[in-house]
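final_29.cif (mmCIF, C-alpha atoms and all ligand atoms) appears below.
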data_target
loop_
_atom_site.label_atom_id
_atom_site.label_comp_id
_atom_site.auth_asym_id
_atom_site.auth_seq_id
_atom_site.Cartn_x
_atom_site.Cartn_y
_atom_site.Cartn_z
CA MET A 213 67.85 35.86 35.57
CA THR A 214 64.41 34.44 34.80
CA SER A 215 64.34 30.71 35.49
CA ARG A 216 63.19 28.37 32.76
CA ARG A 217 60.18 27.35 34.88
CA ALA A 218 59.17 31.00 35.54
CA PHE A 219 59.61 31.77 31.87
CA LEU A 220 57.46 28.80 30.87
CA SER A 221 54.70 29.70 33.34
CA ALA A 222 54.76 33.34 32.15
CA ALA A 223 54.52 32.01 28.60
CA ALA A 224 51.62 29.76 29.63
CA VAL A 225 49.80 32.73 31.20
CA ALA A 226 50.39 34.80 28.06
CA ALA A 227 49.14 31.92 25.87
CA ALA A 228 46.05 31.48 28.04
CA ALA A 229 45.37 35.24 27.90
CA ALA A 230 45.77 35.16 24.12
CA ALA A 231 43.37 32.21 23.87
CA LEU A 232 40.79 34.10 25.93
CA ARG A 233 41.18 37.34 23.98
CA PRO A 234 38.21 37.78 21.61
CA LEU A 235 38.93 37.03 18.00
CA PRO A 236 39.24 40.17 15.82
CA VAL A 237 35.93 39.40 14.16
CA PHE A 238 34.17 39.86 17.51
CA ALA A 239 35.33 43.45 17.52
CA ALA A 240 34.34 43.95 13.89
CA SER A 241 30.88 42.41 14.21
CA PRO A 242 29.85 41.85 17.82
CA VAL A 243 27.21 39.25 18.52
CA PRO A 244 25.00 40.67 21.26
CA ARG A 245 24.35 38.36 24.19
CA GLU A 246 20.61 38.32 23.68
CA SER A 247 21.10 37.11 20.12
CA ALA A 248 23.32 34.13 20.95
CA LEU A 249 22.84 31.02 18.84
CA ALA A 250 20.22 28.64 20.19
CA THR A 251 21.54 25.35 21.59
CA ARG A 252 20.05 21.86 21.98
CA ALA A 253 21.02 19.00 24.27
CA ILE A 254 22.63 15.78 23.06
CA PRO A 255 20.24 13.27 24.69
CA SER A 256 22.89 10.70 25.67
CA SER A 257 24.89 13.21 27.72
CA GLY A 258 22.86 16.40 28.20
CA GLU A 259 25.73 18.43 26.66
CA ARG A 260 24.34 21.41 24.77
CA ILE A 261 25.59 22.29 21.29
CA PRO A 262 24.65 25.22 18.98
CA ILE A 263 21.93 24.32 16.48
CA ILE A 264 23.84 25.74 13.49
CA GLY A 265 27.02 23.88 12.59
CA MET A 266 28.82 23.49 9.26
CA GLY A 267 29.83 20.84 6.75
CA THR A 268 33.04 20.62 4.73
CA SER A 269 32.11 18.53 1.70
CA GLY A 270 33.07 20.56 -1.37
CA SER A 271 33.60 23.79 0.57
CA PHE A 272 36.87 22.61 2.21
CA GLU A 273 38.11 20.52 -0.71
CA VAL A 274 40.25 23.37 -2.02
CA ASP A 275 43.79 24.11 -3.19
CA ALA A 276 46.18 26.52 -1.44
CA ALA A 277 44.57 29.61 -2.99
CA GLY A 278 41.13 28.46 -1.91
CA ARG A 279 42.08 28.44 1.78
CA GLU A 280 42.02 32.20 2.30
CA PRO A 281 38.23 32.76 2.38
CA LEU A 282 37.89 29.69 4.57
CA GLU A 283 39.83 31.42 7.36
CA GLU A 284 37.11 34.06 7.47
CA VAL A 285 34.41 31.38 7.17
CA LEU A 286 35.84 29.78 10.32
CA ARG A 287 36.38 33.07 12.18
CA ARG A 288 32.79 34.14 11.61
CA PHE A 289 31.56 30.69 12.57
CA VAL A 290 33.25 30.76 15.97
CA ALA A 291 32.56 34.47 16.54
CA GLY A 292 28.89 33.76 15.91
CA GLY A 293 28.89 31.21 18.72
CA ALA A 294 28.87 28.05 16.59
CA SER A 295 31.08 25.02 17.15
CA VAL A 296 29.97 21.83 15.33
CA ILE A 297 31.99 21.01 12.19
CA ASP A 298 31.42 17.84 10.17
CA THR A 299 34.07 16.35 7.90
CA SER A 300 35.12 12.94 6.56
CA PRO A 301 38.29 11.20 5.39
CA ASN A 302 36.69 10.66 2.00
CA TYR A 303 36.13 14.37 1.24
CA SER A 304 39.45 14.44 -0.65
CA ASN A 305 41.70 16.95 1.24
CA ALA A 306 38.98 18.52 3.47
CA GLU A 307 40.40 17.06 6.70
CA ASP A 308 43.88 18.45 5.85
CA VAL A 309 42.52 21.92 5.07
CA LEU A 310 40.32 21.98 8.16
CA GLY A 311 43.09 20.67 10.43
CA ASP A 312 45.60 23.21 9.14
CA LEU A 313 43.22 26.15 9.46
CA LEU A 314 42.03 25.23 12.95
CA ALA A 315 45.66 24.93 14.05
CA GLU A 316 46.69 28.21 12.39
CA LEU A 317 43.73 30.10 13.87
CA GLY A 318 44.10 28.44 17.27
CA LEU A 319 40.49 27.31 17.18
CA ARG A 320 40.63 23.56 17.79
CA ASP A 321 39.52 23.86 21.43
CA ARG A 322 36.41 25.77 20.43
CA ILE A 323 35.22 23.21 17.90
CA PHE A 324 33.00 20.16 18.30
CA LEU A 325 34.78 18.13 15.62
CA ALA A 326 32.96 15.31 13.85
CA THR A 327 34.59 12.96 11.38
CA LYS A 328 33.76 9.52 10.02
CA LEU A 329 34.85 5.98 9.36
CA ALA A 330 34.51 5.14 5.67
CA ALA A 331 36.26 1.79 5.38
CA ASP A 332 35.56 -1.84 4.50
CA ASP A 333 37.08 -3.75 7.41
CA ARG A 334 38.42 -3.09 10.90
CA PRO A 335 42.14 -2.75 10.06
CA ALA A 336 41.29 -0.29 7.30
CA GLY A 337 39.05 1.68 9.71
CA GLU A 338 41.80 1.78 12.34
CA ALA A 339 44.38 3.01 9.84
CA GLN A 340 41.95 5.56 8.43
CA PHE A 341 41.10 7.00 11.86
CA ALA A 342 44.79 7.28 12.80
CA GLN A 343 45.30 9.18 9.57
CA SER A 344 42.25 11.40 10.24
CA LEU A 345 43.71 12.46 13.60
CA LYS A 346 46.98 13.39 11.88
CA ARG A 347 45.24 15.28 9.12
CA LEU A 348 42.99 17.10 11.58
CA ARG A 349 46.03 17.83 13.79
CA THR A 350 44.33 16.56 16.92
CA ASP A 351 44.50 13.57 19.27
CA LYS A 352 40.75 12.98 19.56
CA VAL A 353 37.46 14.03 18.03
CA GLU A 354 34.09 14.80 19.54
CA LEU A 355 32.02 12.59 17.22
CA LEU A 356 33.00 9.60 15.09
CA ALA A 357 30.27 8.32 12.75
CA VAL A 358 30.05 5.43 10.30
CA HIS A 359 29.78 6.98 6.85
CA ASN A 360 26.73 5.92 4.84
CA LEU A 361 26.39 2.71 6.93
CA ARG A 362 29.47 1.32 5.14
CA ASP A 363 30.64 -1.95 6.76
CA TRP A 364 28.58 -0.67 9.69
CA ARG A 365 28.89 -3.66 12.05
CA ASN A 366 32.71 -3.61 12.11
CA GLN A 367 32.99 0.18 11.97
CA LEU A 368 30.44 0.80 14.74
CA THR A 369 32.26 -1.69 16.97
CA LEU A 370 35.51 0.11 16.21
CA ALA A 371 33.90 3.48 16.96
CA ARG A 372 32.64 2.11 20.30
CA ASP A 373 36.12 0.84 21.15
CA LEU A 374 37.62 4.23 20.29
CA LYS A 375 35.02 5.89 22.52
CA GLU A 376 36.11 3.58 25.37
CA GLN A 377 39.70 4.70 24.74
CA GLY A 378 38.72 8.38 24.92
CA LYS A 379 39.45 8.98 21.22
CA THR A 380 35.89 10.16 20.59
CA ARG A 381 33.17 11.35 22.94
CA TYR A 382 30.22 10.27 20.77
CA ILE A 383 29.55 7.73 18.03
CA GLY A 384 27.09 7.85 15.17
CA LEU A 385 25.73 6.61 11.86
CA THR A 386 25.21 8.71 8.74
CA HIS A 387 23.42 8.67 5.41
CA TYR A 388 22.18 11.26 2.95
CA GLN A 389 19.38 9.58 1.00
CA ASP A 390 15.74 8.78 1.77
CA SER A 391 16.28 5.25 0.44
CA ALA A 392 18.48 4.46 3.47
CA HIS A 393 16.05 5.73 6.14
CA HIS A 394 14.37 2.38 6.71
CA GLU A 395 17.64 0.53 7.29
CA LEU A 396 19.01 3.39 9.36
CA ALA A 397 15.92 3.29 11.59
CA ARG A 398 16.32 -0.46 12.11
CA ILE A 399 20.01 -0.17 13.01
CA MET A 400 19.44 2.90 15.20
CA ALA A 401 16.77 1.07 17.22
CA ALA A 402 19.07 -1.94 17.72
CA GLU A 403 22.34 -0.09 18.37
CA LYS A 404 21.24 3.24 19.93
CA PRO A 405 24.20 5.36 18.79
CA ASP A 406 24.65 8.85 20.31
CA PHE A 407 23.97 10.51 16.92
CA ILE A 408 22.52 9.89 13.51
CA GLN A 409 23.25 12.22 10.60
CA ILE A 410 20.58 12.33 7.88
CA ASN A 411 19.21 14.36 4.98
CA TYR A 412 16.17 16.53 5.70
CA SER A 413 14.96 19.62 3.88
CA VAL A 414 11.85 21.47 2.68
CA GLY A 415 12.15 19.52 -0.57
CA ALA A 416 12.93 16.15 1.09
CA PRO A 417 10.93 16.05 4.34
CA ASN A 418 10.51 12.24 4.53
CA ALA A 419 12.64 11.90 7.66
CA GLU A 420 9.79 13.35 9.69
CA ARG A 421 7.51 10.39 8.90
CA ALA A 422 9.34 7.81 11.00
CA LEU A 423 13.06 8.45 11.47
CA LEU A 424 12.89 11.74 13.40
CA PRO A 425 10.11 10.60 15.79
CA LEU A 426 12.04 7.37 16.40
CA ALA A 427 15.27 9.27 17.14
CA ARG A 428 13.34 11.38 19.61
CA ASP A 429 11.83 8.33 21.33
CA LEU A 430 15.20 6.58 21.51
CA GLY A 431 17.08 9.65 22.73
CA VAL A 432 19.42 9.81 19.72
CA ALA A 433 20.80 13.22 18.66
CA VAL A 434 20.13 14.18 15.04
CA MET A 435 22.52 16.08 12.78
CA ILE A 436 21.01 17.27 9.48
CA ASN A 437 22.92 17.28 6.18
CA ARG A 438 21.71 18.55 2.78
CA ALA A 439 19.38 21.20 4.27
CA PHE A 440 19.83 23.05 0.95
CA ASP A 441 19.60 19.85 -1.09
CA ASP A 442 23.27 20.40 -1.95
CA GLY A 443 22.47 23.97 -3.10
CA ARG A 444 19.70 22.97 -5.54
CA LEU A 445 16.97 24.62 -3.43
CA PHE A 446 18.40 28.05 -4.24
CA SER A 447 17.75 27.63 -7.95
CA ARG A 448 14.18 26.62 -7.11
CA VAL A 449 13.49 29.88 -5.26
CA ALA A 450 15.43 32.20 -7.59
CA ASP A 451 13.68 35.61 -7.22
CA ARG A 452 10.70 34.22 -5.35
CA PRO A 453 9.85 36.42 -2.33
CA LEU A 454 9.91 34.99 1.18
CA PRO A 455 6.51 34.15 2.71
CA GLY A 456 4.72 37.14 4.30
CA TRP A 457 5.37 35.85 7.83
CA ALA A 458 9.17 35.59 7.35
CA ALA A 459 10.10 38.95 8.92
CA GLU A 460 8.01 38.26 12.00
CA ALA A 461 9.84 34.90 12.33
CA GLY A 462 13.16 36.78 12.11
CA VAL A 463 14.00 35.28 8.70
CA THR A 464 15.61 37.53 6.08
CA SER A 465 16.84 35.01 3.46
CA TRP A 466 15.89 31.70 1.90
CA ALA A 467 19.00 30.10 3.41
CA GLN A 468 17.78 31.02 6.90
CA MET A 469 14.30 29.75 6.00
CA PHE A 470 15.62 26.36 4.80
CA LEU A 471 17.75 25.96 7.93
CA LYS A 472 14.98 27.07 10.29
CA PHE A 473 12.70 24.51 8.65
CA THR A 474 15.05 21.72 9.78
CA THR A 475 15.73 23.01 13.29
CA GLY A 476 11.99 23.61 13.74
CA HIS A 477 11.60 19.85 14.18
CA PRO A 478 12.01 19.04 17.88
CA ALA A 479 14.08 15.90 17.21
CA VAL A 480 16.77 17.87 15.34
CA THR A 481 19.88 18.73 17.36
CA VAL A 482 22.08 20.53 14.79
CA VAL A 483 22.13 21.32 11.06
CA ILE A 484 25.41 21.49 9.11
CA PRO A 485 25.12 23.70 5.98
CA ALA A 486 28.31 23.89 3.90
CA THR A 487 29.70 27.08 2.41
CA GLY A 488 33.11 28.38 1.42
CA LYS A 489 31.90 31.99 1.38
CA PRO A 490 32.13 34.23 4.48
CA ASP A 491 28.96 36.23 3.77
CA ARG A 492 26.97 33.04 3.30
CA GLN A 493 28.38 31.76 6.59
CA SER A 494 27.06 34.89 8.33
CA ASP A 495 23.71 34.39 6.62
CA ASN A 496 23.50 30.73 7.71
CA LEU A 497 24.38 31.57 11.31
CA LYS A 498 21.41 33.95 11.56
CA ALA A 499 19.15 30.91 11.28
CA GLY A 500 20.18 30.06 14.83
CA LEU A 501 18.69 33.27 16.22
CA GLY A 502 15.10 34.16 17.02
CA ARG A 503 12.12 31.87 17.32
CA ASP A 504 11.44 28.45 15.79
CA LEU A 505 9.02 28.18 12.88
CA THR A 506 5.54 27.03 13.82
CA GLU A 507 4.06 23.74 12.61
CA ALA A 508 1.78 25.69 10.24
CA GLU A 509 4.73 27.61 8.76
CA ARG A 510 6.75 24.42 8.32
CA ALA A 511 3.78 22.68 6.65
CA GLU A 512 3.36 25.65 4.28
CA LEU A 513 7.02 25.32 3.23
CA VAL A 514 6.65 21.59 2.53
CA THR A 515 3.61 22.29 0.33
CA MET A 516 5.50 25.07 -1.47
CA PHE A 517 8.41 22.76 -2.35
CA ALA A 518 6.48 19.49 -2.90
N1 LIG A 601 26.79 10.66 4.10
C1 LIG A 601 27.19 11.70 4.80
O1 LIG A 601 27.72 11.53 5.88
C2 LIG A 601 26.98 13.07 4.24
C3 LIG A 601 26.34 13.23 3.00
C4 LIG A 601 26.10 14.53 2.55
C5 LIG A 601 26.54 15.62 3.31
N2 LIG A 601 27.19 15.41 4.50
C6 LIG A 601 27.65 16.57 5.31
O2 LIG A 601 26.65 17.58 5.30
C7 LIG A 601 27.21 18.80 4.83
C8 LIG A 601 26.13 19.61 4.12
O3 LIG A 601 25.67 18.95 2.97
P1 LIG A 601 26.06 19.37 1.49
O4 LIG A 601 27.37 20.08 1.52
O5 LIG A 601 25.96 18.17 0.64
O6 LIG A 601 24.90 20.33 1.02
P2 LIG A 601 24.12 21.64 1.53
O7 LIG A 601 24.67 22.17 2.81
O8 LIG A 601 22.69 21.29 1.43
O9 LIG A 601 24.42 22.67 0.34
C9 LIG A 601 25.67 23.19 0.09
C10 LIG A 601 25.54 24.18 -1.07
O10 LIG A 601 24.78 25.32 -0.67
C11 LIG A 601 25.48 26.51 -1.01
N3 LIG A 601 25.22 27.48 0.07
C12 LIG A 601 25.58 27.37 1.39
N4 LIG A 601 25.12 28.42 2.10
C13 LIG A 601 24.46 29.22 1.23
C14 LIG A 601 23.76 30.46 1.37
N5 LIG A 601 23.66 31.08 2.56
N6 LIG A 601 23.20 31.01 0.26
C15 LIG A 601 23.30 30.40 -0.94
N7 LIG A 601 23.95 29.22 -1.13
C16 LIG A 601 24.52 28.62 -0.06
C17 LIG A 601 26.92 26.11 -1.10
O11 LIG A 601 27.61 26.88 -2.05
P3 LIG A 601 28.95 27.76 -1.66
O12 LIG A 601 29.94 26.82 -1.02
O13 LIG A 601 29.38 28.25 -2.99
O14 LIG A 601 28.47 28.82 -0.74
C18 LIG A 601 26.86 24.67 -1.59
O15 LIG A 601 26.76 24.64 -3.00
C19 LIG A 601 28.37 18.35 3.96
O16 LIG A 601 29.29 19.40 3.73
C20 LIG A 601 28.93 17.20 4.78
O17 LIG A 601 29.74 17.69 5.83
C21 LIG A 601 27.40 14.16 4.98
#
Using structure tokens, write down the structure from this file.
Ligand SMILES: NC(=O)c1ccc[n+]([C@@H]2O[C@H](COP(=O)([O-])OP(=O)(O)OC[C@H]3O[C@@H](n4cnc5c(N)ncnc54)[C@H](OP(=O)(O)O)[C@@H]3O)[C@@H](O)[C@H]2O)c1
Amino acid sequence: MTSRRAFLSAAAVAAAAAALRPLPVFAASPVPRESALATRAIPSSGERIPIIGMGTSGSFEVDAAGREPLEEVLRRFVAGGASVIDTSPNYSNAEDVLGDLLAELGLRDRIFLATKLAADDRPAGEAQFAQSLKRLRTDKVELLAVHNLRDWRNQLTLARDLKEQGKTRYIGLTHYQDSAHHELARIMAAEKPDFIQINYSVGAPNAERALLPLARDLGVAVMINRAFDDGRLFSRVADRPLPGWAAEAGVTSWAQMFLKFTTGHPAVTVVIPATGKPDRQSDNLKAGLGRDLTEAERAELVTMFA
């Protein structure tokens, strides 16, 4: 009769084999080795992460029926070689939806999971983080950032303490508006977090004046939100053709162009576009392939959207 221990180790081997087996989407749409997503190093550790990640604001704030396309959004994301997912306890039920889907798809180990502290004092931050772990169905995250600089002194101290306890590997500060860049720069210089998360796009390029060069000098990783200006950039391009040099740069859509604009800046580590649609996810991931845009191409885009 098979002993319990032998059975358990056979089960462990089977589970490990299942975890290593490629996801079905690999078979359906293989990603050739030579076209793997580009990666960049997190300066504080040297760990490399793929330059295209994803956000969950709006896109993961869905009811039960809205979860189905998100499974494919996540499958394609991981199959495409991406890993960085940003969420927050104040995106209504996004953490619950993300946690459930990662557990159901068995993907948690392949994700660089970033969530936030959005609270007004330390006890509230502690309770919120404990809840985030439950909702995300995990016992730690990869990045914990202070949302919009809210109560930042207490929350950054808490994040540091949680890092000491092994509950997060990196800490950060976020904002999404140009008006916060000056304060963010001041706090970043004083506190030197592992990451900042900021807005940066062809239509809102102000971060490159001071914040991005400063992050580079300080060795702070930069995560970009609002690369599509929350989707508004698409209505600005409508039927407008891509610039003549797009094909040579490996760009076949405006989404890829907007994302490549952000990752073309050398201080940028990862950009986190949000979509709930599988085909748009595939489109966004293509921005992590091929060459970077040149300075001249990036400048032309800024002029075009000024
Ligand atoms: N303070 C903060 O910490 C902060 C603030 C803002 C954002 N963030 C993070 O950054 C993430 C990204 O920002 P965001 O969600 O505000 O805006 P975004 O990524 O600039 O834009 C999202 C919009 O673009 C559309 N979209 C995505 N891919 C597309 C494609 N390939 N073609 C056409 N449309 C496309 C989406 O629509 P569909 O879903 O319909 O595809 C959605 O309406 C957020 O989800 C969040 O995780 C953090």
CA of Arg365 (chain A) to CA of Thr380 (chain A), distance in Å rounded to a single decimal: 17.7 Å
Surrounding residues as a PyMOL selection string, ligand LIG 601 (chain A), max 7 Å, all atoms listed in the file: chain A and resi 266-271+298-299+359-360+386-388+409+437-443+446+467+484-489+492-493+495-496
Test item: which residues lie within 8 Å of (11.3, 27.2, 4.8) counting only C-alpha atoms, as JSON, numbers by chain: {"A": [414, 466, 468, 469, 470, 471, 472, 473, 509, 510, 513, 514]}
Selection: 9 Å around Thr481 (chain A), only C-alpha atoms, excl. self and same-chain fewer than 3 positions, as a list in words: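 Here the qualifying residues turn out to be Thr251, Arg252, Ala253, Ile254, Ile261, Pro262, Ile263, Ile264, Ala433, Val434, Met435, Ile436, Thr475, His477 and Pro478 of chain A.
Interatomic distance, CA of Ala294 (chain A) to CA of Phe517 (chain A): 28.4 Å.
The residue that comes closest to Val482 (chain A), out of A:Ala248, A:Leu501, A:Ile297, A:Ala330 and on the basis of all atoms listed in the file, is A:Ile297.
A straight line drawn from CA of Asp351 (chain A) to CA of Leu317 (chain A) is 17.4 Å long.
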Among the residues A:Ser465, A:Asn305, A:Asn366, A:Arg347, the one that comes closest to Pro335 (chain A) [using only C-alpha atoms]: A:Asn366
Shortest interatomic distance to Leu319 (chain A) - which of A:Ala331, A:Ala336, A:Ala479, A:Leu286, counting only C-alpha atoms: A:Leu286
Which of A:Val483, A:Leu385, A:Ala306, A:Met516 sits closest to Gly265 (chain A) [using all atoms listed in the file]: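 Going through A:Val483, A:Leu385, A:Ala306, A:Met516 one by one, the smallest distance to Gly265 (chain A) is for A:Val483.
Residue nearest Val309 (chain A), chosen from A:Ser344, A:Thr506, A:Ser295, A:Gln377 and counting all atoms listed in the file: A:Ser344.
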Neighbours of point (33.5, 5.2, 8.5) within 7 Å, using all atoms listed in the file, written as a list in words: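 Residues with an atom close enough to that point: Lys328, Leu329, Ala330, Ala331, Gly337, Ala357, Val358, His359, Arg362 and Gln367 of chain A.
With all atoms listed in the file as the basis for measurement, A:Phe289 is the residue among A:Phe289, A:Phe407, A:Phe272, A:Trp364 that approaches Arg322 (chain A) most closely.
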Could you write out as lines of an AutoDock Vina configuration file the box around region 310-323 of chain A (axis-aligned, all atoms listed in the file, 3 Å on each side), with centre and edge lengths in Å to one decimal?
center_x = 41.0
center_y = 25.4
center_z = 14.8
size_x = 17.5
size_y = 15.4
size_z = 19.3
